[in-house]
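So the structure is just underneath, and the comments pick up after that.
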Number of protein chains: 4
Amino acid sequence: MNQLMTKEELNDFLEKEFPQVNKNFEILKVSDKNFSMLMHISSEHLRPGATVSGPTMFLLADVTFYLATLSIIGPKSLTVTTNCSINFLRKPNEKNLISEARILKLGKTLSVGDVLIYSEDIDEPVAHASLTYSIPKD
Amino acid sequence: MNQLMTKEELNDFLEKEFPQVNKNFEILKVSDKNFSMLMHISSEHLRPGATVSGPTMFLLADVTFYLATLSIIGPKSLTVTTNCSINFLRKPNEKNLISEARILKLGKTLSVGDVLIYSEDIDEPVAHASLTYSIPKD
Amino acid sequence: MNQLMTKEELNDFLEKEFPQVNKNFEILKVSDKNFSMLMHISSEHLRPGATVSGPTMFLLADVTFYLATLSIIGPKSLTVTTNCSINFLRKPNEKNLISEARILKLGKTLSVGDVLIYSEDIDEPVAHASLTYSIPKD
Amino acid sequence: MNQLMTKEELNDFLEKEFPQVNKNFEILKVSDKNFSMLMHISSEHLRPGATVSGPTMFLLADVTFYLATLSIIGPKSLTVTTNCSINFLRKPNEKNLISEARILKLGKTLSVGDVLIYSEDIDEPVAHASLTYSIPKD
């Protein structure tokens, strides 16, 4: 799969379209094989038990798969999630999160794949999400 | 199923344990048959297309099923989500959201059920989530 | 939602299009509010532990939601499942299964909803599936 | 992760515990990194549209993740699926299916991971399932 957007273009897109949240996210790697992001964790993302909340991990999975899809199809901001199934595997530390996306199908109307989420200082993944995005017609 | 926590006790619990988010939520109804909440939507919850973001609806589903479970088992704050599958059905308005939880199984270690999410001014549900929570041992 | 197919028309459709499996299934109720089926369980559907296998419950959920959708849109046999998330709640008996479908969204291209599965002689549901079907263009 | 069961032991287990279905399955590879199976497809697995049915792919995903888990924990036949979310990505041919399992978490009570399913003669996967199995106490 060829890319239509570079790391810089995706960061600009995020800043322009999602000004509420973009400061928490950083795109680490964009290539035809890999798409990876970092999420800066602060007190608003924590929950009882000295850990990161589930909705925070869902947010990172959702943003990661959205941008991984846009990196291939271009800046169609109205691409929307239709389904996400997420398994929470281990308790993350109160540290930053790292995500890795894999696109399993990219058709004209749907993008389907999954995202692994890691907590800094833990080798094994803390969450795994499968996502489907609906791509608007041009 | 008998309730161990009233609406007032759940609101106090939310304020004490989740000070970051509690101001957005209001518990509407707690009975042995019904559990319903309202989420106040503001600009931070919106996304391109004049609609509410997917992670916002996930957050409401997660909080709703968590509190519906605690209303029966009592204030075990370390109860954690292990799985959530969410379908986004329709585009919400830029209005408040309302949720309704249904518990399908409440065992010693797991609570399983689903949540329907409605947008004010739309009759049909905008999202449907199935959730599993793991209940810690006493 | 108005129905385009009656119970008899759906039974005929099942017999013609799915001759391998139709003898196991019986449609109990078809109305604009309710869609319910019965699956006859025999030794081929069992697994260790004196219970019905997970794939058997998946099959019933899948057939039920397929026919519930066709009862409204008509006999479009190429309608296909795109996603299913199923939770297994309790161990069924070695008895027949009963299913109840609920359609949450029926658009031009997608049908989304859920199915509860019951085991004869157990009051509470044994499984809960959320399904998405893709509807072919005419 | 170390293995407790070899390919031969798993085939014997399948033949003894699942006599109804074992003839359709063949274990291709069992190692600490890879677990792969083949399913022989015959007329009973097909559906309208000259393709393999969804429940057949679910069955393969379920059996594959079950045996991948048992290859590490040993022959605990009462290990049961608690959740599966499956995405159907492409129409399979009327050919045999091949599966590849990945274990993301193996704790004392739960095994969580995913399975990719391929159709002979198609490079890209035809289905992707995320599964959770509950492991009985000794």
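Chain lettering (A, B, ...) mirrors the order of the structure tokens, residue numbering begins at 1 for each chain separately, and ligand numbering begins at 1 in order of display.
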Handout entry: Polymer residues at most 8 Å from Phe88 of chain D, only C-alpha atoms, same-chain spacing of 3 or more positions, as a PyMOL selection string
Key = (chain C and resi 81-83) or (chain D and resi 54+91+126-128)
Handout entry: Every residue of segment 2-130 of chain B that DSSP places in strand (DSSP E or B), as number ranges by chain
Key = B: 25-30, 35-39, 46-47, 51-52, 80-88, 97-106, 110-119, 127-130
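Close contacts of Ser43 of chain C, defined as residues with an atom at most 12 Å away when counting only C-alpha atoms, with chain neighbours fewer than 4 positions off set aside, comprise Arg47, Pro48, Ala50, Thr51, Val52, Ser53, Thr56, Glu94, Lys95 and Asn96 of chain C; Phe18, Pro19, Gln20 and Val21 of chain D.
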What would the file look like if the residues just selected were written as an mmCIF file, in the first residue's frame with N, CA, C and O atoms?
```cif
data_model
loop_
_atom_site.group_PDB
_atom_site.id
_atom_site.type_symbol
_atom_site.label_atom_id
_atom_site.label_comp_id
_atom_site.auth_asym_id
_atom_site.auth_seq_id
_atom_site.Cartn_x
_atom_site.Cartn_y
_atom_site.Cartn_z
ATOM 1 N N ARG C 47 -20.257 -30.542 22.931
ATOM 2 C CA ARG C 47 -18.804 -30.540 23.156
ATOM 3 C C ARG C 47 -18.527 -31.068 24.571
ATOM 4 O O ARG C 47 -19.465 -31.201 25.374
ATOM 5 N N PRO C 48 -17.264 -31.369 24.904
ATOM 6 C CA PRO C 48 -16.950 -31.893 26.234
ATOM 7 C C PRO C 48 -17.543 -31.008 27.331
ATOM 8 O O PRO C 48 -17.504 -29.766 27.212
ATOM 9 N N ALA C 50 -20.770 -31.820 28.562
ATOM 10 C CA ALA C 50 -22.221 -31.995 28.446
ATOM 11 C C ALA C 50 -22.920 -30.685 28.109
ATOM 12 O O ALA C 50 -23.902 -30.274 28.729
ATOM 13 N N THR C 51 -22.403 -29.991 27.099
ATOM 14 C CA THR C 51 -22.977 -28.696 26.743
ATOM 15 C C THR C 51 -22.937 -28.517 25.226
ATOM 16 O O THR C 51 -22.376 -29.331 24.498
ATOM 17 N N VAL C 52 -23.574 -27.428 24.763
ATOM 18 C CA VAL C 52 -23.607 -27.118 23.337
ATOM 19 C C VAL C 52 -22.355 -26.308 22.983
ATOM 20 O O VAL C 52 -21.924 -25.450 23.754
ATOM 21 N N SER C 53 -21.785 -26.563 21.822
ATOM 22 C CA SER C 53 -20.537 -25.887 21.433
ATOM 23 C C SER C 53 -20.765 -24.418 21.097
ATOM 24 O O SER C 53 -21.846 -24.011 20.661
ATOM 25 N N THR C 56 -21.892 -23.654 17.517
ATOM 26 C CA THR C 56 -23.324 -23.903 17.301
ATOM 27 C C THR C 56 -24.135 -22.664 17.687
ATOM 28 O O THR C 56 -25.056 -22.262 16.961
ATOM 29 N N GLU C 94 -27.870 -29.673 27.379
ATOM 30 C CA GLU C 94 -27.903 -30.418 26.105
ATOM 31 C C GLU C 94 -29.334 -30.420 25.580
ATOM 32 O O GLU C 94 -29.930 -31.471 25.342
ATOM 33 N N LYS C 95 -29.892 -29.236 25.424
ATOM 34 C CA LYS C 95 -31.282 -29.088 24.995
ATOM 35 C C LYS C 95 -31.340 -28.148 23.790
ATOM 36 O O LYS C 95 -30.328 -27.531 23.430
ATOM 37 N N ASN C 96 -32.536 -27.984 23.244
ATOM 38 C CA ASN C 96 -32.700 -27.063 22.130
ATOM 39 C C ASN C 96 -32.411 -25.629 22.550
ATOM 40 O O ASN C 96 -32.525 -25.265 23.721
ATOM 41 N N PHE D 18 -13.131 -34.486 20.200
ATOM 42 C CA PHE D 18 -14.042 -33.879 19.227
ATOM 43 C C PHE D 18 -14.232 -34.796 18.019
ATOM 44 O O PHE D 18 -13.950 -34.400 16.886
ATOM 45 N N PRO D 19 -14.733 -36.026 18.245
ATOM 46 C CA PRO D 19 -14.854 -36.971 17.131
ATOM 47 C C PRO D 19 -15.787 -36.491 16.018
ATOM 48 O O PRO D 19 -15.653 -36.928 14.879
ATOM 49 N N GLN D 20 -16.716 -35.552 16.350
ATOM 50 C CA GLN D 20 -17.651 -35.077 15.311
ATOM 51 C C GLN D 20 -16.938 -34.259 14.227
ATOM 52 O O GLN D 20 -17.354 -34.201 13.092
ATOM 53 N N VAL D 21 -15.894 -33.506 14.629
ATOM 54 C CA VAL D 21 -15.311 -32.534 13.697
ATOM 55 C C VAL D 21 -13.852 -32.791 13.351
ATOM 56 O O VAL D 21 -13.326 -32.191 12.409
#
```
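Residue neighbourhood of Tyr133 of chain B, excluding near-sequence residues (fewer than 4 positions): Asp62, Phe65, Tyr66, Thr69, Thr79, Val80, Thr81, Thr82, Asn83, Cys84, Leu106, Thr109, Leu110, Ser111, Val112 and Gly113 of chain B, at 10 Å, using only C-alpha atoms.
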Problem - Residue list for chain C near chain B as a VMD selection string, 8 Å, only C-alpha atoms - result: chain C and resid 85 89 104 to 105 112 124 to 125 130
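The spacing separating atom CA of Arg102 of chain C from atom CA of Ser36 of chain C amounts to 9.5 Å.
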Practice task
Give me the residues within 8 Å of Ile72 of chain A as a list in words, counting only C-alpha atoms and dropping any in the same chain fewer than 6 places off.
Solution key: Met1, Asn2, Gln3, Leu4 and Met5 of chain A
Problem - DSSP-assigned alpha helix (DSSP H) among chain A, expressed as a PyMOL selection string - result: chain A and resi 7-17+54-73
